[in-house]
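Visitor: Just so it is clear, I am handing over protein.pdb, which has PDB, C-alpha atoms.
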```
ATOM      1  CA  MET W 112     -47.614  56.151  39.515
ATOM      2  CA  SER W 113     -45.556  53.315  38.118
ATOM      3  CA  ILE W 114     -42.009  53.502  36.756
ATOM      4  CA  THR W 115     -40.771  51.829  33.731
ATOM      5  CA  ASP W 116     -38.083  49.213  33.644
ATOM      6  CA  GLN W 117     -35.643  51.702  32.190
ATOM      7  CA  GLU W 118     -36.274  54.186  34.975
ATOM      8  CA  LEU W 119     -35.723  51.451  37.545
ATOM      9  CA  ARG W 120     -32.513  50.472  35.902
ATOM     10  CA  ASP W 121     -31.367  54.117  35.861
ATOM     11  CA  LEU W 122     -32.245  54.501  39.559
ATOM     12  CA  VAL W 123     -30.314  51.398  40.544
ATOM     13  CA  ALA W 124     -27.377  52.543  38.442
ATOM     14  CA  GLY W 125     -27.459  55.995  40.152
ATOM     15  CA  LEU W 126     -27.514  54.382  43.592
ATOM     16  CA  ALA W 127     -24.569  52.196  42.674
ATOM     17  CA  VAL W 128     -22.547  55.243  41.547
ATOM     18  CA  SER W 129     -23.460  57.127  44.720
ATOM     19  CA  GLN W 130     -22.501  54.151  46.879
ATOM     20  CA  ALA W 131     -19.205  53.871  45.091
ATOM     21  CA  LYS W 132     -18.439  57.555  45.740
ATOM     22  CA  THR W 133     -19.400  57.116  49.395
ATOM     23  CA  ASP W 134     -17.154  54.070  49.748
ATOM     24  CA  ALA W 135     -14.309  55.945  48.109
ATOM     25  CA  GLN W 136     -14.812  58.891  50.468
ATOM     26  CA  ILE W 137     -14.899  56.569  53.494
ATOM     27  CA  ALA W 138     -11.763  54.800  52.294
ATOM     28  CA  LYS W 139      -9.964  58.163  51.847
ATOM     29  CA  THR W 140     -11.089  59.263  55.332
ATOM     30  CA  PHE W 141      -9.737  56.081  56.904
ATOM     31  CA  ALA W 142      -6.509  56.462  54.933
ATOM     32  CA  ASP W 143      -6.103  60.096  56.127
ATOM     33  CA  LEU W 144      -6.872  59.001  59.695
ATOM     34  CA  ALA W 145      -4.289  56.242  59.478
ATOM     35  CA  ILE W 146      -1.674  58.750  58.228
ATOM     36  CA  GLN W 147      -2.532  61.277  60.994
ATOM     37  CA  THR W 148      -2.436  58.528  63.613
ATOM     38  CA  ALA W 149       0.975  57.414  62.353
ATOM     39  CA  LYS W 150       2.280  61.009  62.547
ATOM     40  CA  THR W 151       0.867  61.424  66.073
ATOM     41  CA  ASP W 152       2.430  58.140  67.196
ATOM     42  CA  ALA W 153       5.765  59.278  65.766
ATOM     43  CA  LYS W 154       5.533  62.586  67.638
ATOM     44  CA  ILE W 155       4.659  60.777  70.885
ATOM     45  CA  GLU W 156       7.572  58.395  70.423
ATOM     46  CA  LYS W 157       9.931  61.341  69.774
ATOM     47  CA  THR W 158       8.611  63.172  72.847
ATOM     48  CA  PHE W 159       9.243  60.127  75.037
ATOM     49  CA  ALA W 160      12.693  59.718  73.512
ATOM     50  CA  ASP W 161      13.534  63.399  74.182
ATOM     51  CA  LEU W 162      12.194  63.071  77.722
ATOM     52  CA  ALA W 163      14.340  59.999  78.304
ATOM     53  CA  ILE W 164      17.441  61.887  77.062
ATOM     54  CA  GLN W 165      16.641  64.944  79.240
ATOM     55  CA  THR W 166      16.027  62.729  82.264
ATOM     56  CA  ALA W 167      19.365  61.017  81.707
ATOM     57  CA  LYS W 168      21.106  64.419  81.480
ATOM     58  CA  THR W 169      19.328  65.612  84.647
ATOM     59  CA  ASP W 170      20.299  62.460  86.531
ATOM     60  CA  ALA W 171      23.919  62.959  85.456
ATOM     61  CA  GLN W 172      23.831  66.611  86.593
ATOM     62  CA  ILE W 173      22.311  65.621  89.954
ATOM     63  CA  ALA W 174      24.999  62.973  90.402
ATOM     64  CA  LYS W 175      27.678  65.575  89.601
ATOM     65  CA  THR W 176      26.099  68.059  92.032
ATOM     66  CA  ASP W 177      25.956  65.432  94.783
ATOM     67  CA  GLU W 178      29.632  64.700  94.197
ATOM     68  CA  GLN W 179      30.473  68.410  94.398
ATOM     69  CA  LEU W 180      28.416  68.778  97.597
ATOM     70  CA  ALA W 181      30.261  65.847  99.115
ATOM     71  CA  LYS W 182      33.580  67.554  98.287
ATOM     72  CA  THR W 183      32.291  70.831  99.767
ATOM     73  CA  ASP W 184      31.168  69.085 102.966
ATOM     74  CA  ALA W 185      34.605  67.506 103.266
ATOM     75  CA  GLN W 186      36.255  70.922 102.776
ATOM     76  CA  LEU W 187      33.957  72.514 105.364
ATOM     77  CA  ALA W 188      34.770  69.779 107.833
ATOM     78  CA  LYS W 189      38.460  70.413 107.214
ATOM     79  CA  THR W 190      37.947  74.165 107.646
ATOM     80  CA  ASP W 191      36.025  73.633 110.912
ATOM     81  CA  ALA W 192      38.867  71.492 112.205
ATOM     82  CA  GLN W 193      41.367  74.214 111.269
ATOM     83  CA  LEU W 194      39.240  76.893 112.942
ATOM     84  CA  ALA W 195      38.983  74.815 116.088
ATOM     85  CA  LYS W 196      42.765  74.441 116.065
ATOM     86  CA  THR W 197      43.176  78.195 115.515
ATOM     87  CA  ASP W 198      40.758  78.997 118.374
ATOM     88  CA  ALA W 199      42.735  76.732 120.672
ATOM     89  CA  GLN W 200      45.958  78.485 119.633
ATOM     90  CA  LEU W 201      44.385  81.926 120.175
ATOM     91  CA  ALA W 202      43.208  80.861 123.627
ATOM     92  CA  LYS W 203      46.777  79.863 124.492
ATOM     93  CA  THR W 204      48.075  83.156 123.098
ATOM     94  CA  ASP W 205      45.503  85.158 125.100
ATOM     95  CA  THR W 206      46.602  83.336 128.246
ATOM     96  CA  LYS W 207      50.239  84.201 127.556
ATOM     97  CA  VAL W 208      49.348  87.841 126.805
ATOM     98  CA  ASP W 209      47.378  88.071 130.058
ATOM     99  CA  LYS W 210      50.344  86.707 131.984
ATOM    100  CA  LEU W 211      52.707  89.154 130.290
ATOM    101  CA  ALA W 212      50.288  92.024 130.906
ATOM    102  CA  LYS W 213      50.098  91.164 134.584
ATOM    103  CA  MET W 214      53.876  90.871 134.785
ATOM    104  CA  TYR W 215      54.407  94.139 132.920
ATOM    105  CA  GLY W 216      51.681  95.854 134.847
ATOM    106  CA  GLY W 217      53.295  94.833 138.102
ATOM    107  CA  VAL W 218      56.690  96.099 136.935
ATOM    108  CA  SER W 219      55.154  99.336 135.661
ATOM    109  CA  ASN W 220      53.339  99.937 138.943
ATOM    110  CA  ASN W 221      56.507  99.258 140.915
ATOM    111  CA  GLN W 222      58.476 101.697 138.753
ATOM    112  CA  GLY W 223      55.757 104.308 139.213
ATOM    113  CA  ASP W 224      55.824 103.810 142.966
ATOM    114  CA  VAL W 225      59.610 104.252 142.980
ATOM    115  CA  ALA W 226      59.329 107.510 141.049
ATOM    116  CA  GLU W 227      56.559 108.853 143.302
ATOM    117  CA  GLU W 228      58.507 107.925 146.421
ATOM    118  CA  PHE W 229      61.652 109.644 145.143
ATOM    119  CA  TYR W 230      59.956 112.930 144.234
ATOM    120  CA  PHE W 231      57.771 112.974 147.349
ATOM    121  CA  ASN W 232      60.692 112.373 149.701
ATOM    122  CA  SER W 233      62.873 114.939 147.915
ATOM    123  CA  LEU W 234      60.173 117.622 148.006
ATOM    124  CA  LYS W 235      59.209 116.743 151.551
ATOM    125  CA  ALA W 236      62.813 117.368 152.627
ATOM    126  CA  ASN W 237      62.844 120.677 150.726
ATOM    127  CA  PRO W 238      59.321 121.843 149.761
ATOM    128  CA  THR W 239      60.523 124.512 147.352
ATOM    129  CA  LEU W 240      59.829 124.697 143.635
ATOM    130  CA  ASN W 241      60.696 127.475 141.179
ATOM    131  CA  GLY W 242      61.813 129.578 144.125
ATOM    132  CA  ILE W 243      58.421 129.208 145.865
ATOM    133  CA  LYS W 244      58.391 127.885 149.438
ATOM    134  CA  PHE W 245      55.420 125.656 150.338
ATOM    135  CA  ASP W 246      54.007 124.975 153.780
ATOM    136  CA  HIS W 247      53.012 121.335 153.320
ATOM    137  CA  ILE W 248      52.960 118.497 150.806
ATOM    138  CA  ASP W 249      50.367 115.771 150.136
ATOM    139  CA  LYS W 250      50.755 112.507 148.207
ATOM    140  CA  ASN W 251      48.164 110.441 146.338
ATOM    141  CA  ILE W 252      45.147 112.513 147.351
ATOM    142  CA  THR W 253      41.806 111.439 145.904
ATOM    143  CA  ARG W 254      38.471 113.191 145.968
ATOM    144  CA  CYS W 255      35.078 112.411 144.438
ATOM    145  CA  LYS W 256      32.392 115.056 143.970
ATOM    146  CA  ASP W 257      29.335 115.400 141.703
ATOM    147  CA  GLY W 258      30.284 112.296 139.722
ATOM    148  CA  ILE W 259      33.879 113.463 139.205
ATOM    149  CA  GLU W 260      36.747 111.512 140.755
ATOM    150  CA  ASP W 261      40.472 112.076 140.358
ATOM    151  CA  GLU W 262      43.766 111.332 142.072
ATOM    152  CA  TYR W 263      46.769 113.620 142.343
ATOM    153  CA  ASP W 264      50.262 112.227 142.870
ATOM    154  CA  ILE W 265      51.850 115.178 144.687
ATOM    155  CA  VAL W 266      50.334 118.503 145.782
ATOM    156  CA  LEU W 267      52.282 121.323 147.477
ATOM    157  CA  ILE W 268      50.362 124.170 149.163
ATOM    158  CA  ASN W 269      51.105 127.441 150.901
ATOM    159  CA  GLY W 270      48.818 130.310 151.806
ATOM    160  CA  LYS W 271      48.292 131.555 148.247
ATOM    161  CA  GLU W 272      49.793 129.102 145.775
ATOM    162  CA  ILE W 273      49.354 125.428 144.947
ATOM    163  CA  PHE W 274      51.545 123.109 142.853
ATOM    164  CA  ILE W 275      49.972 120.004 141.266
ATOM    165  CA  ILE W 276      52.513 117.415 140.115
ATOM    166  CA  GLU W 277      51.882 114.356 137.946
ATOM    167  CA  VAL W 278      54.592 111.693 138.448
ATOM    168  CA  LYS W 279      55.557 109.054 135.863
ATOM    169  CA  TYR W 280      58.538 106.715 135.679
ATOM    170  CA  LYS W 281      58.629 107.392 131.919
ATOM    171  CA  ALA W 282      56.521 110.297 130.706
ATOM    172  CA  HIS W 283      54.536 110.238 127.459
ATOM    173  CA  GLN W 284      52.552 112.849 125.539
ATOM    174  CA  ALA W 285      49.313 111.280 126.841
ATOM    175  CA  ASP W 286      50.420 112.001 130.420
ATOM    176  CA  LEU W 287      50.914 115.684 129.624
ATOM    177  CA  ASP W 288      47.570 115.844 127.783
ATOM    178  CA  ARG W 289      45.780 114.205 130.715
ATOM    179  CA  LEU W 290      47.337 116.675 133.165
ATOM    180  CA  LEU W 291      46.328 119.695 131.081
ATOM    181  CA  ASN W 292      42.926 118.593 129.822
ATOM    182  CA  THR W 293      41.556 116.449 132.637
ATOM    183  CA  LYS W 294      43.372 116.637 135.927
ATOM    184  CA  ALA W 295      43.807 120.423 136.059
ATOM    185  CA  PRO W 296      40.128 121.194 135.228
ATOM    186  CA  ASN W 297      38.959 118.461 137.618
ATOM    187  CA  PHE W 298      41.056 119.937 140.423
ATOM    188  CA  ASP W 299      39.161 123.234 140.189
ATOM    189  CA  LYS W 300      35.839 121.347 140.457
ATOM    190  CA  LEU W 301      36.935 118.973 143.215
ATOM    191  CA  TYR W 302      38.757 121.565 145.354
ATOM    192  CA  PRO W 303      36.846 124.857 145.026
ATOM    193  CA  GLU W 304      38.438 126.048 148.279
ATOM    194  CA  TYR W 305      41.615 126.737 146.265
ATOM    195  CA  GLN W 306      39.921 128.686 143.466
ATOM    196  CA  ASN W 307      41.635 131.940 144.430
ATOM    197  CA  TYR W 308      45.085 130.324 144.677
ATOM    198  CA  ILE W 309      47.751 130.684 142.003
ATOM    199  CA  LYS W 310      47.920 127.261 140.441
ATOM    200  CA  HIS W 311      51.088 125.661 139.025
ATOM    201  CA  LEU W 312      51.367 122.393 137.114
ATOM    202  CA  GLY W 313      54.333 120.033 137.053
ATOM    203  CA  LEU W 314      55.292 116.804 135.249
ATOM    204  CA  ALA W 315      57.906 114.744 137.100
ATOM    205  CA  SER W 316      59.620 111.769 135.470
ATOM    206  CA  PHE W 317      62.808 109.723 135.499
ATOM    207  CA  SER W 318      62.684 109.629 131.680
ATOM    208  CA  ILE W 319      61.285 112.313 129.373
ATOM    209  CA  ASN W 320      62.275 113.095 125.774
ATOM    210  CA  ASP W 321      63.212 116.560 124.561
ATOM    211  CA  GLU W 322      60.102 116.947 122.382
ATOM    212  CA  LEU W 323      57.758 116.247 125.284
ATOM    213  CA  LYS W 324      59.782 118.516 127.531
ATOM    214  CA  LYS W 325      59.364 121.308 124.963
ATOM    215  CA  HIS W 326      55.594 120.746 124.769
ATOM    216  CA  ALA W 327      55.302 120.837 128.541
ATOM    217  CA  ILE W 328      57.164 124.130 128.860
ATOM    218  CA  GLU W 329      55.141 125.658 126.009
ATOM    219  CA  ASN W 330      51.989 124.782 127.975
ATOM    220  CA  HIS W 331      53.336 126.328 131.196
ATOM    221  CA  VAL W 332      54.054 122.984 132.857
ATOM    222  CA  THR W 333      57.215 122.742 134.952
ATOM    223  CA  VAL W 334      59.343 119.669 134.174
ATOM    224  CA  LEU W 335      60.965 117.850 137.103
ATOM    225  CA  GLN W 336      63.808 115.409 136.426
ATOM    226  CA  ARG W 337      66.061 113.327 138.607
ATOM    227  CA  LYS W 338      69.657 114.420 138.761
ATOM    228  CA  GLY W 339      71.473 111.949 140.946
ATOM    229  CA  LYS W 340      69.818 112.192 144.354
ATOM    230  CA  LEU W 341      68.427 115.661 143.639
ATOM    231  CA  ILE W 342      65.580 117.158 141.604
ATOM    232  CA  GLU W 343      66.287 119.356 138.617
ATOM    233  CA  SER W 344      63.308 121.499 137.643
ATOM    234  CA  ILE W 345      62.800 123.397 134.402
ATOM    235  CA  ALA W 346      60.273 126.113 135.041
ATOM    236  CA  ALA W 347      57.587 126.829 132.466
TER
END
```
What would the structure in this file look like if it were written as structure tokens?

Guide:
Amino acid sequence: MSITDQELRDLVAGLAVSQAKTDAQIAKTFADLAIQTAKTDAKIEKTFADLAIQTAKTDAQIAKTDEQLAKTDAQLAKTDAQLAKTDAQLAKTDTKVDKLAKMYGGVSNNQGDVAEEFYFNSLKANPTLNGIKFDHIDKNITRCKDGIEDEYDIVLINGKEIFIIEVKYKAHQADLDRLLNTKAPNFDKLYPEYQNYIKHLGLASFSINDELKKHAIENHVTVLQRKGKLIESIAA
């Protein structure tokens, strides 16, 4: 089948129009792509700019932190030096306290020995207390039995009665409590041979306050005090 000249011209004209539309579409696509690319490049540039600003801020913060850490290290070093100085001072103080404790302990022991010697010698010369005559007197007796150990300063004994005396240069409430709550019960366990004896308790001291003296008497403990070269006893 053949086409006429007019049909050929119409076909060519149609192709030209179609090509023009295609070119226009391609041009628009490239234009849109160029715009999108420009926007993307702008966003990338902004992101890098923001990252640069954040990095600068972070670097500044790290520098500030390093400076603060350096100050803290310096303060810690100063504190360590102060602690070392304090430890050295405490060591010196402990040494002085130990020396004083030894000195005081020696004086206290000597005073206690003097008190014990006075009451022992006085009672040895006249072994009578609260009108009771005793056959013999012991000093500083110690016994250990079944894991219990105790020492008694002065003990007077006759055929049916026994007098246990705790001696202190200066008596305190703790001495009375120890006599009542520890030494007296321990005596019964350590010396069962005297279980049928009438037992008396005494607290002897060169110095005892009125309140303690009252407590002793209320607990049936005889108080022995020095009166010149003699013993004054206050029976419970």

Visitor: Which distance in Å separates CA of Ala282 in chain W and CA of Leu323 in chain W, to one decimal?

Guide: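 The value is 8.1 Å.
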
Visitor: Given the file above and the PyMOL selection byres ((chain W and resi 300-314) around 7), which residues are selected, and can you give them as an NGL selection string?

Guide: :W and (254-256 or 271-278 or 296-299 or 315-316 or 332-335)

Visitor: List the spatial neighbours of Leu240 in chain W as a list of chain:residue names - criterion: any atom at most 10 Å away, all atoms listed in the file, same-chain residues fewer than 2 positions off excluded.

Guide: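 Counting all atoms listed in the file, the residues come to W:Leu234, W:Asn237, W:Pro238, W:Gly242, W:Ile243, W:Lys244, W:Phe245, W:Leu267, W:Phe274, W:His311, W:Gly313, W:Thr333, W:Leu335, W:Ile342, W:Glu343, W:Ser344, W:Ile345, W:Ala346.
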
Visitor: Which value, in Å to one decimal, gives the distance between CA of Asp246 in chain W and CA of Lys340 in chain W?

Guide: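 Straight-line distance from CA of Asp246 in chain W to CA of Lys340 in chain W works out to 22.4 Å.
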
Visitor: In Å to one decimal, how far is CA of Glu262 in chain W from CA of Phe229 in chain W?

Guide: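 These atoms are spaced 18.2 Å apart.
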
Visitor: For the structure shown, which residues end up in the PyMOL selection byres ((chain W and resi 279) around 12)? Put them as a PyMOL selection string, please?

Guide: chain W and resi 219-230+263-265+276-278+280-287+290+313-319+334-337
